[in-house]
$ cat upload-v6.pdb   # PDB, C-alpha atoms and all ligand atoms
ATOM      1  CA  MET C   1       0.000   0.000   0.000  1.00  0.00           C
ATOM      2  CA  THR C   2       1.356   3.412  -0.903  1.00  0.00           C
ATOM      3  CA  ILE C   3       1.354   6.260   1.560  1.00  0.00           C
ATOM      4  CA  ASN C   4      -1.241   8.084  -0.544  1.00  0.00           C
ATOM      5  CA  GLU C   5      -3.541   5.055  -0.482  1.00  0.00           C
ATOM      6  CA  ARG C   6      -3.148   4.851   3.286  1.00  0.00           C
ATOM      7  CA  TYR C   7      -4.089   8.487   3.725  1.00  0.00           C
ATOM      8  CA  ARG C   8      -7.012   8.176   1.330  1.00  0.00           C
ATOM      9  CA  GLY C   9      -8.397   5.119   3.127  1.00  0.00           C
ATOM     10  CA  VAL C  10      -8.036   6.613   6.576  1.00  0.00           C
ATOM     11  CA  LEU C  11      -9.538   9.983   5.667  1.00  0.00           C
ATOM     12  CA  GLU C  12     -12.457   8.379   3.804  1.00  0.00           C
ATOM     13  CA  TYR C  13     -13.210   6.180   6.797  1.00  0.00           C
ATOM     14  CA  PHE C  14     -13.193   9.083   9.243  1.00  0.00           C
ATOM     15  CA  ALA C  15     -15.258  11.306   6.952  1.00  0.00           C
ATOM     16  CA  GLN C  16     -17.990   8.643   7.050  1.00  0.00           C
ATOM     17  CA  ALA C  17     -17.643   7.583  10.672  1.00  0.00           C
ATOM     18  CA  MET C  18     -17.209  11.058  12.205  1.00  0.00           C
ATOM     19  CA  PRO C  19     -18.429  13.673   9.726  1.00  0.00           C
ATOM     20  CA  ASN C  20     -18.391  16.544  12.220  1.00  0.00           C
ATOM     21  CA  PRO C  21     -15.789  15.962  14.916  1.00  0.00           C
ATOM     22  CA  ASP C  22     -15.241  18.674  17.490  1.00  0.00           C
ATOM     23  CA  THR C  23     -13.431  19.364  20.704  1.00  0.00           C
ATOM     24  CA  GLU C  24     -14.930  17.782  23.813  1.00  0.00           C
ATOM     25  CA  LEU C  25     -13.962  20.820  25.874  1.00  0.00           C
ATOM     26  CA  VAL C  26     -16.931  22.997  26.855  1.00  0.00           C
ATOM     27  CA  TYR C  27     -16.559  26.699  26.082  1.00  0.00           C
ATOM     28  CA  ARG C  28     -18.574  29.713  24.934  1.00  0.00           C
ATOM     29  CA  ASN C  29     -16.006  32.084  23.474  1.00  0.00           C
ATOM     30  CA  PRO C  30     -12.342  32.336  22.370  1.00  0.00           C
ATOM     31  CA  PHE C  31     -11.084  33.288  25.823  1.00  0.00           C
ATOM     32  CA  GLU C  32     -12.768  30.280  27.417  1.00  0.00           C
ATOM     33  CA  ILE C  33     -11.410  27.773  24.899  1.00  0.00           C
ATOM     34  CA  LEU C  34      -7.914  29.210  25.338  1.00  0.00           C
ATOM     35  CA  VAL C  35      -8.179  28.742  29.103  1.00  0.00           C
ATOM     36  CA  ALA C  36      -9.648  25.251  28.696  1.00  0.00           C
ATOM     37  CA  VAL C  37      -6.913  24.106  26.299  1.00  0.00           C
ATOM     38  CA  ILE C  38      -4.200  25.387  28.648  1.00  0.00           C
ATOM     39  CA  LEU C  39      -5.830  23.438  31.488  1.00  0.00           C
ATOM     40  CA  SER C  40      -6.137  20.303  29.344  1.00  0.00           C
ATOM     41  CA  ALA C  41      -2.370  19.741  28.994  1.00  0.00           C
ATOM     42  CA  GLN C  42      -1.684  16.274  30.422  1.00  0.00           C
ATOM     43  CA  CYS C  43      -5.203  16.189  31.830  1.00  0.00           C
ATOM     44  CA  THR C  44      -8.480  14.786  30.545  1.00  0.00           C
ATOM     45  CA  ASP C  45     -11.095  16.997  28.885  1.00  0.00           C
ATOM     46  CA  ALA C  46     -13.690  15.535  31.262  1.00  0.00           C
ATOM     47  CA  ARG C  47     -11.729  16.755  34.276  1.00  0.00           C
ATOM     48  CA  VAL C  48     -11.244  20.200  32.722  1.00  0.00           C
ATOM     49  CA  ASN C  49     -14.984  20.433  32.008  1.00  0.00           C
ATOM     50  CA  GLN C  50     -15.654  19.814  35.697  1.00  0.00           C
ATOM     51  CA  VAL C  51     -13.682  22.857  36.837  1.00  0.00           C
ATOM     52  CA  THR C  52     -14.301  25.407  34.081  1.00  0.00           C
ATOM     53  CA  PRO C  53     -17.953  26.358  34.836  1.00  0.00           C
ATOM     54  CA  ALA C  54     -17.010  27.827  38.229  1.00  0.00           C
ATOM     55  CA  LEU C  55     -13.740  29.237  36.877  1.00  0.00           C
ATOM     56  CA  PHE C  56     -15.490  31.014  33.995  1.00  0.00           C
ATOM     57  CA  ALA C  57     -18.229  32.288  36.298  1.00  0.00           C
ATOM     58  CA  ALA C  58     -15.582  33.849  38.541  1.00  0.00           C
ATOM     59  CA  TYR C  59     -13.432  35.151  35.668  1.00  0.00           C
ATOM     60  CA  PRO C  60     -15.552  35.590  32.550  1.00  0.00           C
ATOM     61  CA  THR C  61     -13.014  37.770  30.715  1.00  0.00           C
ATOM     62  CA  ALA C  62      -9.278  38.190  30.345  1.00  0.00           C
ATOM     63  CA  GLU C  63      -9.592  41.437  32.317  1.00  0.00           C
ATOM     64  CA  ALA C  64     -11.272  39.674  35.233  1.00  0.00           C
ATOM     65  CA  MET C  65      -8.678  36.899  35.291  1.00  0.00           C
ATOM     66  CA  ALA C  66      -5.811  39.367  34.990  1.00  0.00           C
ATOM     67  CA  ALA C  67      -7.072  41.156  38.098  1.00  0.00           C
ATOM     68  CA  ALA C  68      -6.979  37.925  40.151  1.00  0.00           C
ATOM     69  CA  THR C  69      -3.947  36.425  41.844  1.00  0.00           C
ATOM     70  CA  SER C  70      -2.680  32.994  40.839  1.00  0.00           C
ATOM     71  CA  ASP C  71      -3.570  31.754  44.343  1.00  0.00           C
ATOM     72  CA  GLU C  72      -7.169  32.826  43.779  1.00  0.00           C
ATOM     73  CA  ILE C  73      -7.257  31.067  40.406  1.00  0.00           C
ATOM     74  CA  LEU C  74      -5.671  27.984  41.975  1.00  0.00           C
ATOM     75  CA  ARG C  75      -8.764  27.452  44.136  1.00  0.00           C
ATOM     76  CA  TYR C  76     -10.769  26.727  40.994  1.00  0.00           C
ATOM     77  CA  VAL C  77      -8.269  24.493  39.216  1.00  0.00           C
ATOM     78  CA  LYS C  78      -6.942  22.403  42.112  1.00  0.00           C
ATOM     79  CA  SER C  79      -8.203  19.118  40.701  1.00  0.00           C
ATOM     80  CA  VAL C  80      -6.517  19.352  37.276  1.00  0.00           C
ATOM     81  CA  SER C  81      -2.959  18.138  36.739  1.00  0.00           C
ATOM     82  CA  TYR C  82      -0.157  20.581  37.586  1.00  0.00           C
ATOM     83  CA  PRO C  83      -2.563  23.062  39.197  1.00  0.00           C
ATOM     84  CA  ASN C  84       0.062  25.440  40.594  1.00  0.00           C
ATOM     85  CA  SER C  85       1.876  26.072  37.341  1.00  0.00           C
ATOM     86  CA  LYS C  86      -1.375  26.193  35.362  1.00  0.00           C
ATOM     87  CA  ALA C  87      -2.830  28.789  37.754  1.00  0.00           C
ATOM     88  CA  ARG C  88       0.321  30.884  37.361  1.00  0.00           C
ATOM     89  CA  HIS C  89       0.207  30.526  33.579  1.00  0.00           C
ATOM     90  CA  LEU C  90      -3.467  31.496  33.410  1.00  0.00           C
ATOM     91  CA  GLN C  91      -2.909  34.623  35.450  1.00  0.00           C
ATOM     92  CA  ALA C  92       0.154  35.690  33.433  1.00  0.00           C
ATOM     93  CA  MET C  93      -1.552  34.772  30.154  1.00  0.00           C
ATOM     94  CA  ALA C  94      -4.561  36.929  31.028  1.00  0.00           C
ATOM     95  CA  VAL C  95      -2.331  39.879  31.942  1.00  0.00           C
ATOM     96  CA  LYS C  96      -0.522  39.631  28.604  1.00  0.00           C
ATOM     97  CA  LEU C  97      -3.795  39.257  26.682  1.00  0.00           C
ATOM     98  CA  VAL C  98      -5.043  42.469  28.263  1.00  0.00           C
ATOM     99  CA  ASP C  99      -1.780  44.419  28.028  1.00  0.00           C
ATOM    100  CA  GLU C 100      -0.754  43.462  24.511  1.00  0.00           C
ATOM    101  CA  PHE C 101      -3.808  42.173  22.670  1.00  0.00           C
ATOM    102  CA  GLY C 102      -6.672  44.251  24.044  1.00  0.00           C
ATOM    103  CA  GLY C 103      -8.101  41.227  25.846  1.00  0.00           C
ATOM    104  CA  LYS C 104      -8.657  39.387  22.539  1.00  0.00           C
ATOM    105  CA  VAL C 105      -7.229  35.995  21.597  1.00  0.00           C
ATOM    106  CA  PRO C 106      -4.611  36.645  18.877  1.00  0.00           C
ATOM    107  CA  ASP C 107      -4.634  34.846  15.541  1.00  0.00           C
ATOM    108  CA  THR C 108      -1.013  34.072  14.712  1.00  0.00           C
ATOM    109  CA  MET C 109       1.266  31.274  15.887  1.00  0.00           C
ATOM    110  CA  GLU C 110       3.901  33.774  16.963  1.00  0.00           C
ATOM    111  CA  GLN C 111       1.538  35.866  19.076  1.00  0.00           C
ATOM    112  CA  LEU C 112      -0.199  32.862  20.603  1.00  0.00           C
ATOM    113  CA  THR C 113       3.038  31.136  21.600  1.00  0.00           C
ATOM    114  CA  SER C 114       4.211  34.357  23.234  1.00  0.00           C
ATOM    115  CA  LEU C 115       1.487  33.819  25.849  1.00  0.00           C
ATOM    116  CA  PRO C 116       2.494  32.013  29.062  1.00  0.00           C
ATOM    117  CA  GLY C 117       1.321  28.398  29.051  1.00  0.00           C
ATOM    118  CA  VAL C 118       0.731  28.328  25.292  1.00  0.00           C
ATOM    119  CA  GLY C 119       2.933  26.000  23.244  1.00  0.00           C
ATOM    120  CA  ARG C 120       2.687  25.059  19.597  1.00  0.00           C
ATOM    121  CA  LYS C 121       0.004  22.426  20.155  1.00  0.00           C
ATOM    122  CA  THR C 122      -2.265  24.775  22.095  1.00  0.00           C
ATOM    123  CA  ALA C 123      -1.695  27.528  19.535  1.00  0.00           C
ATOM    124  CA  ASN C 124      -2.641  25.195  16.688  1.00  0.00           C
ATOM    125  CA  VAL C 125      -5.851  24.173  18.478  1.00  0.00           C
ATOM    126  CA  ILE C 126      -6.786  27.830  18.968  1.00  0.00           C
ATOM    127  CA  LEU C 127      -5.927  28.754  15.381  1.00  0.00           C
ATOM    128  CA  GLY C 128      -8.244  25.973  14.213  1.00  0.00           C
ATOM    129  CA  VAL C 129     -11.121  26.243  16.677  1.00  0.00           C
ATOM    130  CA  VAL C 130     -11.249  30.031  17.052  1.00  0.00           C
ATOM    131  CA  HIS C 131      -9.869  31.362  13.796  1.00  0.00           C
ATOM    132  CA  GLY C 132     -10.808  28.581  11.379  1.00  0.00           C
ATOM    133  CA  LYS C 133      -7.252  28.069  10.154  1.00  0.00           C
ATOM    134  CA  ALA C 134      -6.141  24.824   8.525  1.00  0.00           C
ATOM    135  CA  THR C 135      -3.901  23.598  11.318  1.00  0.00           C
ATOM    136  CA  ILE C 136      -3.163  20.146  12.672  1.00  0.00           C
ATOM    137  CA  ALA C 137      -2.434  20.265  16.380  1.00  0.00           C
ATOM    138  CA  VAL C 138      -0.324  17.273  17.381  1.00  0.00           C
ATOM    139  CA  ASP C 139      -1.020  16.213  20.934  1.00  0.00           C
ATOM    140  CA  THR C 140      -0.054  12.914  22.530  1.00  0.00           C
ATOM    141  CA  HIS C 141      -2.950  11.031  20.867  1.00  0.00           C
ATOM    142  CA  VAL C 142      -2.372  12.416  17.376  1.00  0.00           C
ATOM    143  CA  PHE C 143       1.357  11.754  17.720  1.00  0.00           C
ATOM    144  CA  ARG C 144       0.837   8.132  18.773  1.00  0.00           C
ATOM    145  CA  VAL C 145      -1.849   7.271  16.218  1.00  0.00           C
ATOM    146  CA  ALA C 146       0.012   8.890  13.310  1.00  0.00           C
ATOM    147  CA  ASN C 147       3.165   6.943  14.149  1.00  0.00           C
ATOM    148  CA  ARG C 148       1.399   3.633  14.752  1.00  0.00           C
ATOM    149  CA  MET C 149      -0.644   3.747  11.609  1.00  0.00           C
ATOM    150  CA  GLY C 150       2.297   4.816   9.491  1.00  0.00           C
ATOM    151  CA  LEU C 151       0.733   8.105   8.485  1.00  0.00           C
ATOM    152  CA  ALA C 152       3.647  10.082   9.847  1.00  0.00           C
ATOM    153  CA  HIS C 153       6.788   8.744  11.433  1.00  0.00           C
ATOM    154  CA  GLY C 154       8.482  11.323  13.580  1.00  0.00           C
ATOM    155  CA  LYS C 155      10.366  11.641  16.803  1.00  0.00           C
ATOM    156  CA  THR C 156       8.836  15.003  17.673  1.00  0.00           C
ATOM    157  CA  PRO C 157       5.323  16.461  17.414  1.00  0.00           C
ATOM    158  CA  LEU C 158       6.641  19.044  14.954  1.00  0.00           C
ATOM    159  CA  GLU C 159       7.965  16.357  12.590  1.00  0.00           C
ATOM    160  CA  VAL C 160       4.612  14.569  12.709  1.00  0.00           C
ATOM    161  CA  GLU C 161       2.730  17.843  12.209  1.00  0.00           C
ATOM    162  CA  LYS C 162       4.780  18.666   9.112  1.00  0.00           C
ATOM    163  CA  THR C 163       4.210  15.241   7.545  1.00  0.00           C
ATOM    164  CA  LEU C 164       0.482  15.233   8.290  1.00  0.00           C
ATOM    165  CA  THR C 165       0.183  18.753   6.908  1.00  0.00           C
ATOM    166  CA  ARG C 166       1.935  17.709   3.697  1.00  0.00           C
ATOM    167  CA  HIS C 167      -0.470  14.837   3.086  1.00  0.00           C
ATOM    168  CA  ILE C 168      -3.816  16.071   4.358  1.00  0.00           C
ATOM    169  CA  PRO C 169      -5.777  18.498   2.164  1.00  0.00           C
ATOM    170  CA  THR C 170      -6.262  21.963   3.628  1.00  0.00           C
ATOM    171  CA  GLU C 171     -10.007  21.598   4.065  1.00  0.00           C
ATOM    172  CA  LEU C 172      -9.625  18.392   6.105  1.00  0.00           C
ATOM    173  CA  ARG C 173      -6.790  19.394   8.439  1.00  0.00           C
ATOM    174  CA  TYR C 174      -8.906  20.750  11.237  1.00  0.00           C
ATOM    175  CA  LYS C 175     -11.140  17.678  11.192  1.00  0.00           C
ATOM    176  CA  ALA C 176      -8.133  15.362  10.888  1.00  0.00           C
ATOM    177  CA  HIS C 177      -6.754  16.685  14.171  1.00  0.00           C
ATOM    178  CA  HIS C 178      -9.980  15.726  15.917  1.00  0.00           C
ATOM    179  CA  TRP C 179     -10.288  12.413  14.077  1.00  0.00           C
ATOM    180  CA  LEU C 180      -6.836  11.229  15.093  1.00  0.00           C
ATOM    181  CA  LEU C 181      -7.223  12.590  18.607  1.00  0.00           C
ATOM    182  CA  LEU C 182     -10.582  10.894  19.207  1.00  0.00           C
ATOM    183  CA  HIS C 183      -9.367   7.658  17.629  1.00  0.00           C
ATOM    184  CA  GLY C 184      -6.398   7.708  19.999  1.00  0.00           C
ATOM    185  CA  ARG C 185      -8.496   8.569  23.017  1.00  0.00           C
ATOM    186  CA  TYR C 186     -11.145   5.881  22.538  1.00  0.00           C
ATOM    187  CA  THR C 187      -9.699   3.142  20.300  1.00  0.00           C
ATOM    188  CA  CYS C 188      -5.973   3.324  19.657  1.00  0.00           C
ATOM    189  CA  LYS C 189      -5.204   3.840  23.336  1.00  0.00           C
ATOM    190  CA  ALA C 190      -1.657   4.243  24.599  1.00  0.00           C
ATOM    191  CA  LEU C 191      -1.335   1.044  26.627  1.00  0.00           C
ATOM    192  CA  ARG C 192      -3.899  -1.245  25.043  1.00  0.00           C
ATOM    193  CA  PRO C 193      -4.945  -0.318  21.523  1.00  0.00           C
ATOM    194  CA  ASP C 194      -8.332  -1.877  20.810  1.00  0.00           C
ATOM    195  CA  CYS C 195      -7.301  -3.399  17.464  1.00  0.00           C
ATOM    196  CA  VAL C 196     -10.111  -5.993  17.651  1.00  0.00           C
ATOM    197  CA  ASN C 197     -12.709  -3.258  17.332  1.00  0.00           C
ATOM    198  CA  CYS C 198     -10.689  -0.890  15.169  1.00  0.00           C
ATOM    199  CA  ARG C 199     -12.067  -0.339  11.655  1.00  0.00           C
ATOM    200  CA  LEU C 200      -8.753   0.862  10.310  1.00  0.00           C
ATOM    201  CA  THR C 201      -6.734  -2.335  10.504  1.00  0.00           C
ATOM    202  CA  GLU C 202      -6.284  -2.599   6.738  1.00  0.00           C
ATOM    203  CA  PHE C 203      -4.540   0.778   6.698  1.00  0.00           C
ATOM    204  CA  CYS C 204      -2.513   0.345   9.888  1.00  0.00           C
ATOM    205  CA  GLN C 205       1.197  -0.358   9.690  1.00  0.00           C
ATOM    206  CA  ARG C 206       1.449  -1.460  13.327  1.00  0.00           C
ATOM    207  CA  TYR C 207      -1.414  -3.918  12.910  1.00  0.00           C
ATOM    208  CA  LYS C 208       0.216  -5.452   9.847  1.00  0.00           C
ATOM    209  CA  LYS C 209       3.517  -5.838  11.681  1.00  0.00           C
ATOM    210  CA  THR C 210       2.025  -7.378  14.809  1.00  0.00           C
ATOM    211  CA  THR C 211      -0.421  -9.871  13.309  1.00  0.00           C
TER     212      THR C 211
HETATM  213  S1  LIG J   1      -5.330  -1.352  14.260  1.00  0.00           S
HETATM  214 FE1  LIG J   1      -4.731  -1.103  16.415  1.00  0.00          FE
HETATM  215  S2  LIG J   1      -2.791   0.033  16.378  1.00  0.00           S
HETATM  216 FE2  LIG J   1      -3.761   0.274  14.364  1.00  0.00          FE
HETATM  217  S3  LIG J   1      -4.951   2.183  14.504  1.00  0.00           S
HETATM  218 FE3  LIG J   1      -6.329   0.523  15.015  1.00  0.00          FE
HETATM  219  S4  LIG J   1      -6.220   0.369  17.265  1.00  0.00           S
HETATM  220 FE4  LIG J   1      -4.427   1.538  16.580  1.00  0.00          FE
END

$ encode --input "upload-v6.pdb" --output "structure tokens"
Amino acid sequence: MTINERYRGVLEYFAQAMPNPDTELVYRNPFEILVAVILSAQCTDARVNQVTPALFAAYPTAEAMAAATSDEILRYVKSVSYPNSKARHLQAMAVKLVDEFGGKVPDTMEQLTSLPGVGRKTANVILGVVHGKATIAVDTHVFRVANRMGLAHGKTPLEVEKTLTRHIPTELRYKAHHWLLLHGRYTCKALRPDCVNCRLTEFCQRYKKTT
């Protein structure tokens, strides 16, 4: 099977199985999704969704969050992973949003990654979700699934992102991020991939090697 055939098969399957994938994080505006994505690093979306309603009620805008201390923010995010550093990042991120971007979520990679707590993956999610740009954010699930299936071999998320971007048409990139992420979260899990119930075995390099 050629690499192009693999991509075609995988993308056709996902387009049928999950025509409208979306983030599982709950949010109402760009500021909220930025906060939620920062909180979701090495944490589950379900856990983040448990803490954000109270957090957003207390700090509905960048201005409100910037006026809080990180200790005050910490009270709301205690149950997510790395709460102390995330609370500090949120406070500093909000201050920078207010001081340099008028409280609005910026729309370039460079500006987004200048915000505390925002790395390339988070920036790519925001560029896609908020600004509709054709990005592929590579998180731990996307990285694992792309490597296992043989869609993109790479030692770093950036290598995988570049290969995926080269092969996936612009209009499908945003969806492809969610497809690979959700497939990794629910089927191609880190410790025990559920190959028995996976519908992508015929396109999967790892499956071919291990069976
Ligand atoms: S066949 Fe197994 S390893 Fe391959 S994508 Fe499916 S779950 Fe993952």

$ resolve_selection --input "upload-v6.pdb" --expression "the PyMOL selection byres (((not hetatm)) within 7 of (chain J and resi 1))" --output "VMD selection string"
chain C and resid 145 148 to 149 187 to 188 193 to 195 198 to 201 204 to 207

$ resolve_selection --input "upload-v6.pdb" --expression "the PyMOL selection byres (((chain C and resi 107-110) around 10) and not hetatm)" --output "list in words"
Lys104, Val105, Pro106, Gln111, Leu112, Thr113, Ser114, Leu115, Val118, Gly119, Arg120, Lys121, Thr122, Ala123, Asn124, Ile126, Leu127, Gly128, Val130, His131, Gly132 and Lys133 of chain C

$ write_last_selection --input "upload-v6.pdb" --atoms "C-alpha atoms" --output "mmCIF file, in the coordinates of the input"
data_model
loop_
_atom_site.group_PDB
_atom_site.id
_atom_site.type_symbol
_atom_site.label_atom_id
_atom_site.label_comp_id
_atom_site.auth_asym_id
_atom_site.auth_seq_id
_atom_site.Cartn_x
_atom_site.Cartn_y
_atom_site.Cartn_z
ATOM 1 C CA LYS C 104 -8.657 39.387 22.539
ATOM 2 C CA VAL C 105 -7.229 35.995 21.597
ATOM 3 C CA PRO C 106 -4.611 36.645 18.877
ATOM 4 C CA GLN C 111 1.538 35.866 19.076
ATOM 5 C CA LEU C 112 -0.199 32.862 20.603
ATOM 6 C CA THR C 113 3.038 31.136 21.600
ATOM 7 C CA SER C 114 4.211 34.357 23.234
ATOM 8 C CA LEU C 115 1.487 33.819 25.849
ATOM 9 C CA VAL C 118 0.731 28.328 25.292
ATOM 10 C CA GLY C 119 2.933 26.000 23.244
ATOM 11 C CA ARG C 120 2.687 25.059 19.597
ATOM 12 C CA LYS C 121 0.004 22.426 20.155
ATOM 13 C CA THR C 122 -2.265 24.775 22.095
ATOM 14 C CA ALA C 123 -1.695 27.528 19.535
ATOM 15 C CA ASN C 124 -2.641 25.195 16.688
ATOM 16 C CA ILE C 126 -6.786 27.830 18.968
ATOM 17 C CA LEU C 127 -5.927 28.754 15.381
ATOM 18 C CA GLY C 128 -8.244 25.973 14.213
ATOM 19 C CA VAL C 130 -11.249 30.031 17.052
ATOM 20 C CA HIS C 131 -9.869 31.362 13.796
ATOM 21 C CA GLY C 132 -10.808 28.581 11.379
ATOM 22 C CA LYS C 133 -7.252 28.069 10.154
#

$ atom_distance --input "upload-v6.pdb" --atom1 "CA of Ile136 (chain C)" --atom2 "CA of Leu164 (chain C)"
7.5 Å

$ residues_near_point --input "upload-v6.pdb" --point "(-3.0, 38.8, 30.6)" --cutoff "9 Å" --atoms "all atoms listed in the file" --output "number ranges by chain"
C: 62-63, 65-67, 90-101, 103, 115-116

$ closest_residue --input "upload-v6.pdb" --among "C:Ser40, C:Leu11, C:Ala190, C:Met1" --to "Glu171 (chain C)" --atoms "all atoms listed in the file"
C:Leu11

$ closest_residue --input "upload-v6.pdb" --among "C:Arg88, C:Gln16, C:Glu5, C:Val129" --to "Glu32 (chain C)" --atoms "only C-alpha atoms"
C:Val129

$ atom_distance --input "upload-v6.pdb" --atom1 "CA of His167 (chain C)" --atom2 "CA of Leu151 (chain C)"
8.7 Å

$ resolve_selection --input "upload-v6.pdb" --expression "the PyMOL selection byres (((chain C and resi 73) around 9) and not hetatm)" --output "list in words"
Leu55, Ala58, Tyr59, Met65, Ala68, Thr69, Ser70, Asp71, Glu72, Leu74, Arg75, Tyr76, Val77, Lys78, Ala87, Arg88, Leu90 and Gln91 of chain C

$ write_last_selection --input "upload-v6.pdb" --atoms "C-alpha atoms" --output "PDB file, in the frame of the given file"
ATOM      1  CA  LEU C  55     -13.740  29.237  36.877  1.00  0.00           C
ATOM      2  CA  ALA C  58     -15.582  33.849  38.541  1.00  0.00           C
ATOM      3  CA  TYR C  59     -13.432  35.151  35.668  1.00  0.00           C
ATOM      4  CA  MET C  65      -8.678  36.899  35.291  1.00  0.00           C
ATOM      5  CA  ALA C  68      -6.979  37.925  40.151  1.00  0.00           C
ATOM      6  CA  THR C  69      -3.947  36.425  41.844  1.00  0.00           C
ATOM      7  CA  SER C  70      -2.680  32.994  40.839  1.00  0.00           C
ATOM      8  CA  ASP C  71      -3.570  31.754  44.343  1.00  0.00           C
ATOM      9  CA  GLU C  72      -7.169  32.826  43.779  1.00  0.00           C
ATOM     10  CA  LEU C  74      -5.671  27.984  41.975  1.00  0.00           C
ATOM     11  CA  ARG C  75      -8.764  27.452  44.136  1.00  0.00           C
ATOM     12  CA  TYR C  76     -10.769  26.727  40.994  1.00  0.00           C
ATOM     13  CA  VAL C  77      -8.269  24.493  39.216  1.00  0.00           C
ATOM     14  CA  LYS C  78      -6.942  22.403  42.112  1.00  0.00           C
ATOM     15  CA  ALA C  87      -2.830  28.789  37.754  1.00  0.00           C
ATOM     16  CA  ARG C  88       0.321  30.884  37.361  1.00  0.00           C
ATOM     17  CA  LEU C  90      -3.467  31.496  33.410  1.00  0.00           C
ATOM     18  CA  GLN C  91      -2.909  34.623  35.450  1.00  0.00           C
TER      19      GLN C  91
END

$ residues_around --input "upload-v6.pdb" --residues "Ile33 (chain C)" --least-positions-apart "2" --cutoff "10 Å" --atoms "all atoms listed in the file" --output "list in words"
Thr23, Leu25, Val26, Tyr27, Arg28, Asn29, Pro30, Phe31, Val35, Ala36, Val37, Ile38, Leu39, Thr52, Val105, Val125, Ile126, Val129 and Val130 of chain C

$ residues_around --input "upload-v6.pdb" --residues "Thr165 (chain C)" --least-positions-apart "6" --cutoff "12 Å" --atoms "only C-alpha atoms" --output "list of chain:residue names"
C:Tyr7, C:Ala134, C:Thr135, C:Ile136, C:Ala137, C:Val138, C:Ala146, C:Leu151, C:Ala152, C:Pro157, C:Leu158, C:Glu159, C:Glu171, C:Leu172, C:Arg173, C:Tyr174, C:Ala176, C:His177

$ atom_distance --input "upload-v6.pdb" --atom1 "CA of Ala64 (chain C)" --atom2 "CA of Leu34 (chain C)"
14.8 Å

$ axis_aligned_box --input "upload-v6.pdb" --around "region 165-181 of chain C" --padding-each-side "8 Å" --output "lines of an AutoDock Vina configuration file"
center_x = -4.6
center_y = 16.6
center_z = 10.4
size_x = 29.1
size_y = 26.7
size_z = 32.4

$ decode --input "upload-v6.pdb" --residues "region 177-199 of chain C" --atoms "C-alpha atoms" --output "short mmCIF file (atom, residue, chain, number, x, y, z; two decimals), in the first residue's frame"
data_model
loop_
_atom_site.label_atom_id
_atom_site.label_comp_id
_atom_site.auth_asym_id
_atom_site.auth_seq_id
_atom_site.Cartn_x
_atom_site.Cartn_y
_atom_site.Cartn_z
CA HIS C 177 -6.75 16.68 14.17
CA HIS C 178 -9.98 15.73 15.92
CA TRP C 179 -10.29 12.41 14.08
CA LEU C 180 -6.84 11.23 15.09
CA LEU C 181 -7.22 12.59 18.61
CA LEU C 182 -10.58 10.89 19.21
CA HIS C 183 -9.37 7.66 17.63
CA GLY C 184 -6.40 7.71 20.00
CA ARG C 185 -8.50 8.57 23.02
CA TYR C 186 -11.14 5.88 22.54
CA THR C 187 -9.70 3.14 20.30
CA CYS C 188 -5.97 3.32 19.66
CA LYS C 189 -5.20 3.84 23.34
CA ALA C 190 -1.66 4.24 24.60
CA LEU C 191 -1.33 1.04 26.63
CA ARG C 192 -3.90 -1.25 25.04
CA PRO C 193 -4.94 -0.32 21.52
CA ASP C 194 -8.33 -1.88 20.81
CA CYS C 195 -7.30 -3.40 17.46
CA VAL C 196 -10.11 -5.99 17.65
CA ASN C 197 -12.71 -3.26 17.33
CA CYS C 198 -10.69 -0.89 15.17
CA ARG C 199 -12.07 -0.34 11.66
#
